[in-house]
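To start, the structure under review is shown below, and the notes come after it.
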Amino acid sequence: MNKKIISSALITISTIIAYAPLPNQNRTLNVVIGSELQEPLAEIEQTFEQNYPNIQINLKIQGSQDIVNNIVNQKNDFQPAIVIPASDELISELETRLRAIGQEKPFYNNPQPIAKTLLVAIAWQERGNILFPNNQFNWEQLEQALISKNWQDIGGNNNWGSFDLLMTDPTRSNSGQLTLNLWAENKLNQNNLAINNLANTEVEQLFSLLKNSVYQPPRSTDILLQEFIVRGENDADVGLVYESIALYRWSQTNQNKVYQIYYPNPTTETFSTAVIMNNNLSKSEQQSAEKFIDYLLAENQQITLAKYGFRPINNNINLTIINDTPWSNNILGMEINPPVEIKPSPSPEIINEIQKVWLRN
């Protein structure tokens, strides 16, 4: 009897030791994020590690579509603990693709949105006045500018030269996918695309025009905006980006020459969404990952994300009264409540079809 009690006690103690974190055990979590989160999460990482000195966060920056592809195709040379692409639909795509190759439960937790933003256009102020009269974004006018190829033919100054549009590579970045989806919807006068809509000749011609017009589309949205600012007028006229990045980097322009923000109507709201990978993480690593996601949702961190132009998930945070954020900078065209229809991201099936049509053209 005593032997059974001792044996049972030893098993219990062994279980506790196996799953409970040791007092001085350091854990490193690889957190894979879209480039739009690079700077705010670098700041949040520092305060998190001060509060949890035994947990080290190792940020890995990738384009949001790349996050999905690299995990499915096992191209990472590290083990992701948490992934946070720009869209919850990309999390859905990741789950579907991992299940298709035999992973019954790809995620340890339910996906958790941590911040949100909108797709917007930006244009240097003087040029935007020509392209978008009355500050109204217009897909048809943008397409005509690509067809005309130079500013003189669309009412601009002859000295402005060629018309240059920037968008990200839709095979690697979510903002490029959202751009093509909204543009195709407008082209076909459809509120929501079906897969067979994308086989339309008009859509294929539009994608072909874009592919021939956009020179070396960058892999991520933040890279695009940094290029937009550095290249300036005459090399970058209009860009399609996330509102968060457009707001945050606006102060980095020469304030004598600033870009204006335009909201397509409708536009797309996208949620940066975190999920813990169910890929042989220890129990203590899973618990540490949960702590980090909970930390991102706390009010102080939601305010930090607002400082970088994101819209908080926490609806109790009032953007109009937070100090030292882009929301109080009177940025040209910025609207806390833009007067446009706001739609969810397209489904993974539509995103997948958009990529196929893009690659075919």
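Residues are named by chain letter and number: chains run A, B, ... in the order of the structure tokens, numbers start at 1 in each chain, and ligands are numbered from 1 in the order shown.
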
For this session: Write down as a ChimeraX atom specification the residues belonging to segment 136-271 of chain A that are assigned helix (DSSP H, G or I) by DSSP computed on the backbone.
Result: /A:139-148,151-154,158-160,174-188,195-199,201-213,221-231,243-252

Closest atom pairs, segment 55-80 of chain A residues within 12 Å of segment 99-119 of chain A, only C-alpha atoms, as JSON lines:
```
{"residue": "A:Ile71", "atom": "CA", "partner": "A:Pro106", "partner_atom": "CA", "distance": 10.9}
{"residue": "A:Val72", "atom": "CA", "partner": "A:Ile101", "partner_atom": "CA", "distance": 8.5}
{"residue": "A:Asn73", "atom": "CA", "partner": "A:Ile101", "partner_atom": "CA", "distance": 10.2}
{"residue": "A:Gln74", "atom": "CA", "partner": "A:Ile101", "partner_atom": "CA", "distance": 11.8}
{"residue": "A:Pro80", "atom": "CA", "partner": "A:Phe107", "partner_atom": "CA", "distance": 11.4}
```

Using the selection just defined, write its residues with N, CA, C and O atoms as a tab-separated table (two decimals), in the first residue's frame.
```tsv
chain	number	residue	atom	x	y	z
A	71	ILE	N	5.51	28.84	-43.44
A	71	ILE	CA	5.16	27.80	-42.46
A	71	ILE	C	4.70	26.53	-43.17
A	71	ILE	O	5.16	25.43	-42.87
A	72	VAL	N	3.80	26.68	-44.13
A	72	VAL	CA	3.26	25.51	-44.83
A	72	VAL	C	4.37	24.78	-45.58
A	72	VAL	O	4.44	23.54	-45.57
A	73	ASN	N	5.27	25.53	-46.21
A	73	ASN	CA	6.34	24.92	-47.01
A	73	ASN	C	7.62	24.65	-46.21
A	73	ASN	O	8.63	24.27	-46.79
A	74	GLN	N	7.54	24.88	-44.89
A	74	GLN	CA	8.66	24.61	-43.97
A	74	GLN	C	9.96	25.30	-44.43
A	74	GLN	O	11.02	24.69	-44.47
A	80	PRO	N	8.34	28.81	-35.25
A	80	PRO	CA	7.45	29.90	-34.84
A	80	PRO	C	6.61	29.48	-33.63
A	80	PRO	O	6.05	28.39	-33.61
```

Exercise. What lies within 10 Å of segment 143-153 of chain A using only C-alpha atoms, ignoring chain neighbours under 3 positions off, as a PyMOL selection string?
Worked result: chain A and resi 127+130-131+138-140+156-165+183+187+206+209-210+212-214+234+237

Using N, CA, C and O atoms, can you write the selected residues to a file as a tab-separated table (two decimals), in the first residue's frame?
```tsv
chain	number	residue	atom	x	y	z
A	127	ARG	N	-0.47	66.44	-56.52
A	127	ARG	CA	-0.88	65.49	-57.54
A	127	ARG	C	-2.23	64.86	-57.21
A	127	ARG	O	-3.03	64.57	-58.09
A	130	ILE	N	-5.13	66.79	-58.51
A	130	ILE	CA	-5.44	66.58	-59.92
A	130	ILE	C	-6.14	65.23	-60.12
A	130	ILE	O	-7.15	65.13	-60.82
A	131	LEU	N	-5.60	64.21	-59.48
A	131	LEU	CA	-6.10	62.85	-59.72
A	131	LEU	C	-7.44	62.59	-59.04
A	131	LEU	O	-8.31	61.91	-59.59
A	138	ASN	N	-10.85	57.55	-56.59
A	138	ASN	CA	-11.57	57.06	-57.76
A	138	ASN	C	-10.72	56.01	-58.48
A	138	ASN	O	-9.65	56.31	-59.00
A	139	TRP	N	-11.22	54.75	-58.51
A	139	TRP	CA	-10.47	53.67	-59.16
A	139	TRP	C	-10.37	53.90	-60.67
A	139	TRP	O	-9.33	53.60	-61.28
A	140	GLU	N	-11.45	54.42	-61.28
A	140	GLU	CA	-11.42	54.63	-62.73
A	140	GLU	C	-10.37	55.66	-63.12
A	140	GLU	O	-9.65	55.48	-64.11
A	156	GLY	N	-2.26	66.93	-65.45
A	156	GLY	CA	-1.16	67.34	-64.59
A	156	GLY	C	-0.12	68.16	-65.32
A	156	GLY	O	-0.24	68.43	-66.52
A	157	ASN	N	0.91	68.56	-64.60
A	157	ASN	CA	2.00	69.35	-65.15
A	157	ASN	C	2.90	68.47	-66.01
A	157	ASN	O	3.27	67.36	-65.60
A	158	ASN	N	3.28	68.95	-67.16
A	158	ASN	CA	4.15	68.19	-68.05
A	158	ASN	C	5.48	67.84	-67.37
A	158	ASN	O	6.08	66.80	-67.64
A	159	ASN	N	5.92	68.71	-66.46
A	159	ASN	CA	7.19	68.47	-65.78
A	159	ASN	C	7.12	67.31	-64.78
A	159	ASN	O	8.14	66.86	-64.28
A	160	TRP	N	5.90	66.86	-64.49
A	160	TRP	CA	5.77	65.75	-63.54
A	160	TRP	C	6.15	64.42	-64.16
A	160	TRP	O	6.35	63.44	-63.44
A	161	GLY	N	6.22	64.37	-65.46
A	161	GLY	CA	6.69	63.16	-66.14
A	161	GLY	C	5.70	62.02	-66.08
A	161	GLY	O	4.49	62.20	-66.17
A	162	SER	N	6.22	60.80	-65.92
A	162	SER	CA	5.38	59.60	-65.96
A	162	SER	C	4.58	59.45	-64.67
A	162	SER	O	4.95	59.99	-63.62
A	163	PHE	N	3.48	58.70	-64.77
A	163	PHE	CA	2.67	58.41	-63.60
A	163	PHE	C	3.16	57.11	-62.98
A	163	PHE	O	3.30	56.09	-63.66
A	164	ASP	N	3.43	57.14	-61.67
A	164	ASP	CA	4.02	55.98	-60.99
A	164	ASP	C	3.17	55.55	-59.80
A	164	ASP	O	2.99	56.31	-58.84
A	165	LEU	N	2.66	54.32	-59.88
A	165	LEU	CA	1.85	53.74	-58.82
A	165	LEU	C	2.67	52.71	-58.05
A	165	LEU	O	3.43	51.94	-58.64
A	183	TRP	N	-10.29	46.69	-56.33
A	183	TRP	CA	-10.23	47.22	-57.69
A	183	TRP	C	-11.08	46.36	-58.63
A	183	TRP	O	-11.82	46.87	-59.47
A	187	LYS	N	-14.35	47.31	-60.76
A	187	LYS	CA	-14.33	47.11	-62.21
A	187	LYS	C	-15.59	46.39	-62.68
A	187	LYS	O	-16.17	46.71	-63.72
A	206	LEU	N	-7.18	44.16	-66.36
A	206	LEU	CA	-6.80	45.08	-65.29
A	206	LEU	C	-5.53	44.60	-64.60
A	206	LEU	O	-4.59	45.38	-64.40
A	209	LEU	N	-2.55	45.13	-66.80
A	209	LEU	CA	-2.16	46.55	-66.81
A	209	LEU	C	-1.35	46.87	-65.55
A	209	LEU	O	-0.30	47.53	-65.63
A	210	LEU	N	-1.81	46.41	-64.40
A	210	LEU	CA	-1.10	46.69	-63.15
A	210	LEU	C	0.28	46.04	-63.14
A	210	LEU	O	1.27	46.64	-62.72
A	212	ASN	N	2.16	45.35	-65.59
A	212	ASN	CA	3.07	46.05	-66.50
A	212	ASN	C	3.39	47.47	-66.04
A	212	ASN	O	4.33	48.08	-66.54
A	213	SER	N	2.61	47.98	-65.09
A	213	SER	CA	2.76	49.38	-64.67
A	213	SER	C	3.53	49.52	-63.36
A	213	SER	O	4.18	50.54	-63.13
A	214	VAL	N	3.41	48.53	-62.48
A	214	VAL	CA	4.03	48.62	-61.14
A	214	VAL	C	5.38	47.94	-61.20
A	214	VAL	O	5.49	46.72	-61.38
A	234	ASN	N	7.72	62.43	-58.68
A	234	ASN	CA	8.34	62.07	-59.95
A	234	ASN	C	8.78	60.61	-59.99
A	234	ASN	O	9.02	60.08	-61.08
A	237	ASP	N	3.99	58.41	-57.18
A	237	ASP	CA	2.89	59.37	-57.16
A	237	ASP	C	1.74	58.96	-56.25
A	237	ASP	O	1.22	59.76	-55.49
```

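For the set A:Ser347, A:Gln205, A:Gln65, A:Ser284, the residue with the smallest atom-to-atom gap to Asn192 of chain A is A:Ser347, counting only C-alpha atoms.
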
For this session: Find the spatial neighbours of segment 29-33 of chain A, counting only C-alpha atoms, within a cut-off of 7 Å - ignore same-chain residues fewer than 5 positions away - and output them as a ChimeraX atom specification.
Result: /A:56-62,79-85

Writing out the chosen residues with all heavy atoms as a short mmCIF file (atom, residue, chain, number, x, y, z; two decimals), in the first residue's frame:
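Contents of again20.cif, as written:
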```cif
data_model
loop_
_atom_site.label_atom_id
_atom_site.label_comp_id
_atom_site.auth_asym_id
_atom_site.auth_seq_id
_atom_site.Cartn_x
_atom_site.Cartn_y
_atom_site.Cartn_z
N GLN A 56 11.88 35.73 -23.41
CA GLN A 56 12.50 36.56 -24.43
C GLN A 56 11.69 36.45 -25.72
O GLN A 56 11.37 35.36 -26.18
CB GLN A 56 13.95 36.11 -24.69
CG GLN A 56 14.85 36.17 -23.45
CD GLN A 56 14.97 37.58 -22.91
OE1 GLN A 56 15.30 38.52 -23.63
NE2 GLN A 56 14.71 37.74 -21.61
N ILE A 57 11.37 37.60 -26.30
CA ILE A 57 10.62 37.65 -27.55
C ILE A 57 11.59 37.89 -28.71
O ILE A 57 12.36 38.85 -28.69
CB ILE A 57 9.56 38.76 -27.52
CG1 ILE A 57 8.57 38.52 -26.38
CG2 ILE A 57 8.83 38.84 -28.87
CD1 ILE A 57 7.77 37.26 -26.49
N ASN A 58 11.53 37.03 -29.69
CA ASN A 58 12.40 37.15 -30.86
C ASN A 58 11.50 37.43 -32.06
O ASN A 58 10.84 36.54 -32.58
CB ASN A 58 13.19 35.85 -31.05
CG ASN A 58 14.23 35.96 -32.14
OD1 ASN A 58 14.53 37.05 -32.62
ND2 ASN A 58 14.79 34.83 -32.55
N LEU A 59 11.45 38.70 -32.47
CA LEU A 59 10.57 39.10 -33.57
C LEU A 59 11.17 38.72 -34.92
O LEU A 59 12.33 38.98 -35.19
CB LEU A 59 10.31 40.61 -33.53
CG LEU A 59 9.56 41.15 -32.30
CD1 LEU A 59 9.47 42.66 -32.38
CD2 LEU A 59 8.17 40.53 -32.17
N LYS A 60 10.34 38.12 -35.77
CA LYS A 60 10.73 37.76 -37.13
C LYS A 60 9.79 38.49 -38.09
O LYS A 60 8.57 38.34 -38.00
CB LYS A 60 10.61 36.25 -37.35
CG LYS A 60 11.44 35.40 -36.38
CD LYS A 60 12.91 35.46 -36.71
CE LYS A 60 13.69 34.44 -35.89
NZ LYS A 60 15.14 34.45 -36.23
N ILE A 61 10.34 39.27 -38.99
CA ILE A 61 9.54 40.12 -39.87
C ILE A 61 9.41 39.48 -41.26
O ILE A 61 10.41 39.19 -41.90
CB ILE A 61 10.17 41.52 -40.00
CG1 ILE A 61 10.67 42.05 -38.65
CG2 ILE A 61 9.20 42.48 -40.65
CD1 ILE A 61 9.62 42.16 -37.59
N GLN A 62 8.18 39.31 -41.71
CA GLN A 62 7.93 38.76 -43.04
C GLN A 62 6.69 39.42 -43.63
O GLN A 62 5.88 39.98 -42.90
CB GLN A 62 7.71 37.23 -42.96
CG GLN A 62 8.89 36.44 -42.44
CD GLN A 62 8.62 34.95 -42.33
OE1 GLN A 62 7.53 34.48 -42.67
NE2 GLN A 62 9.61 34.19 -41.88
N GLN A 79 11.58 27.80 -35.22
CA GLN A 79 10.25 27.28 -34.89
C GLN A 79 9.36 28.44 -34.45
O GLN A 79 9.56 29.01 -33.39
CB GLN A 79 10.33 26.24 -33.78
CG GLN A 79 8.99 25.60 -33.45
CD GLN A 79 9.08 24.61 -32.30
OE1 GLN A 79 9.63 24.93 -31.24
NE2 GLN A 79 8.57 23.41 -32.49
N PRO A 80 8.34 28.81 -35.25
CA PRO A 80 7.45 29.90 -34.84
C PRO A 80 6.61 29.48 -33.63
O PRO A 80 6.05 28.39 -33.61
CB PRO A 80 6.55 30.12 -36.06
CG PRO A 80 7.25 29.44 -37.20
CD PRO A 80 7.99 28.29 -36.59
N ALA A 81 6.55 30.37 -32.65
CA ALA A 81 5.67 30.15 -31.50
C ALA A 81 4.34 30.88 -31.70
O ALA A 81 3.27 30.32 -31.49
CB ALA A 81 6.33 30.62 -30.22
N ILE A 82 4.43 32.14 -32.12
CA ILE A 82 3.24 32.97 -32.40
C ILE A 82 3.38 33.54 -33.79
O ILE A 82 4.49 33.94 -34.19
CB ILE A 82 3.11 34.12 -31.38
CG1 ILE A 82 3.00 33.59 -29.95
CG2 ILE A 82 1.91 35.01 -31.70
CD1 ILE A 82 3.06 34.68 -28.89
N VAL A 83 2.29 33.59 -34.54
CA VAL A 83 2.30 34.30 -35.82
C VAL A 83 1.22 35.37 -35.79
O VAL A 83 0.13 35.16 -35.24
CB VAL A 83 2.10 33.35 -37.03
CG1 VAL A 83 3.25 32.35 -37.12
CG2 VAL A 83 0.78 32.62 -36.95
N ILE A 84 1.55 36.55 -36.36
CA ILE A 84 0.60 37.66 -36.40
C ILE A 84 0.64 38.30 -37.79
O ILE A 84 1.30 39.33 -38.00
CB ILE A 84 0.90 38.73 -35.31
CG1 ILE A 84 1.24 38.09 -33.97
CG2 ILE A 84 -0.30 39.68 -35.17
CD1 ILE A 84 1.58 39.09 -32.88
N PRO A 85 -0.03 37.69 -38.78
CA PRO A 85 -0.13 38.35 -40.09
C PRO A 85 -1.12 39.51 -40.04
O PRO A 85 -1.81 39.73 -39.04
CB PRO A 85 -0.61 37.23 -41.00
CG PRO A 85 -1.39 36.34 -40.10
CD PRO A 85 -0.73 36.42 -38.74
#
```

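Reported to one decimal place, the separation of atom CA of Ile336 of chain A from atom CA of Ile67 of chain A is 29.7 Å.
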
Problem set entry | Non-local contacts of segment 219-232 of chain A (9 Å; only C-alpha atoms; under 3 positions in same chain excluded) as a count of residues only | 38

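Restricting the calculation to only C-alpha atoms, the smallest distance between Glu202 of chain A and any of A:Thr96, A:Val357, A:Thr179, A:Ile91 is found for A:Val357.
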
Exercise. What residues in segment 106-330 of chain A get the DSSP label strand (DSSP E or B)? Please answer as an NGL selection string.
Worked result: :A and (107 or 112-124 or 150 or 162 or 165-166 or 238-242 or 259-262 or 267-277 or 311-312)

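What separates atom CA of Asn70 of chain A from atom CA of Ser208 of chain A is a distance of 26.7 Å.
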
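Among the candidate residues A:Val340, A:Gly333, A:Pro346, A:Thr267, the one lying nearest to Phe132 of chain A is A:Gly333, with distances computed using only C-alpha atoms.
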
For this session: Pick out the closest residue to Asn186 of chain A from this set: A:Thr201, A:Thr47, A:Asn265, A:Ile303. Count only C-alpha atoms.
Result: A:Asn265
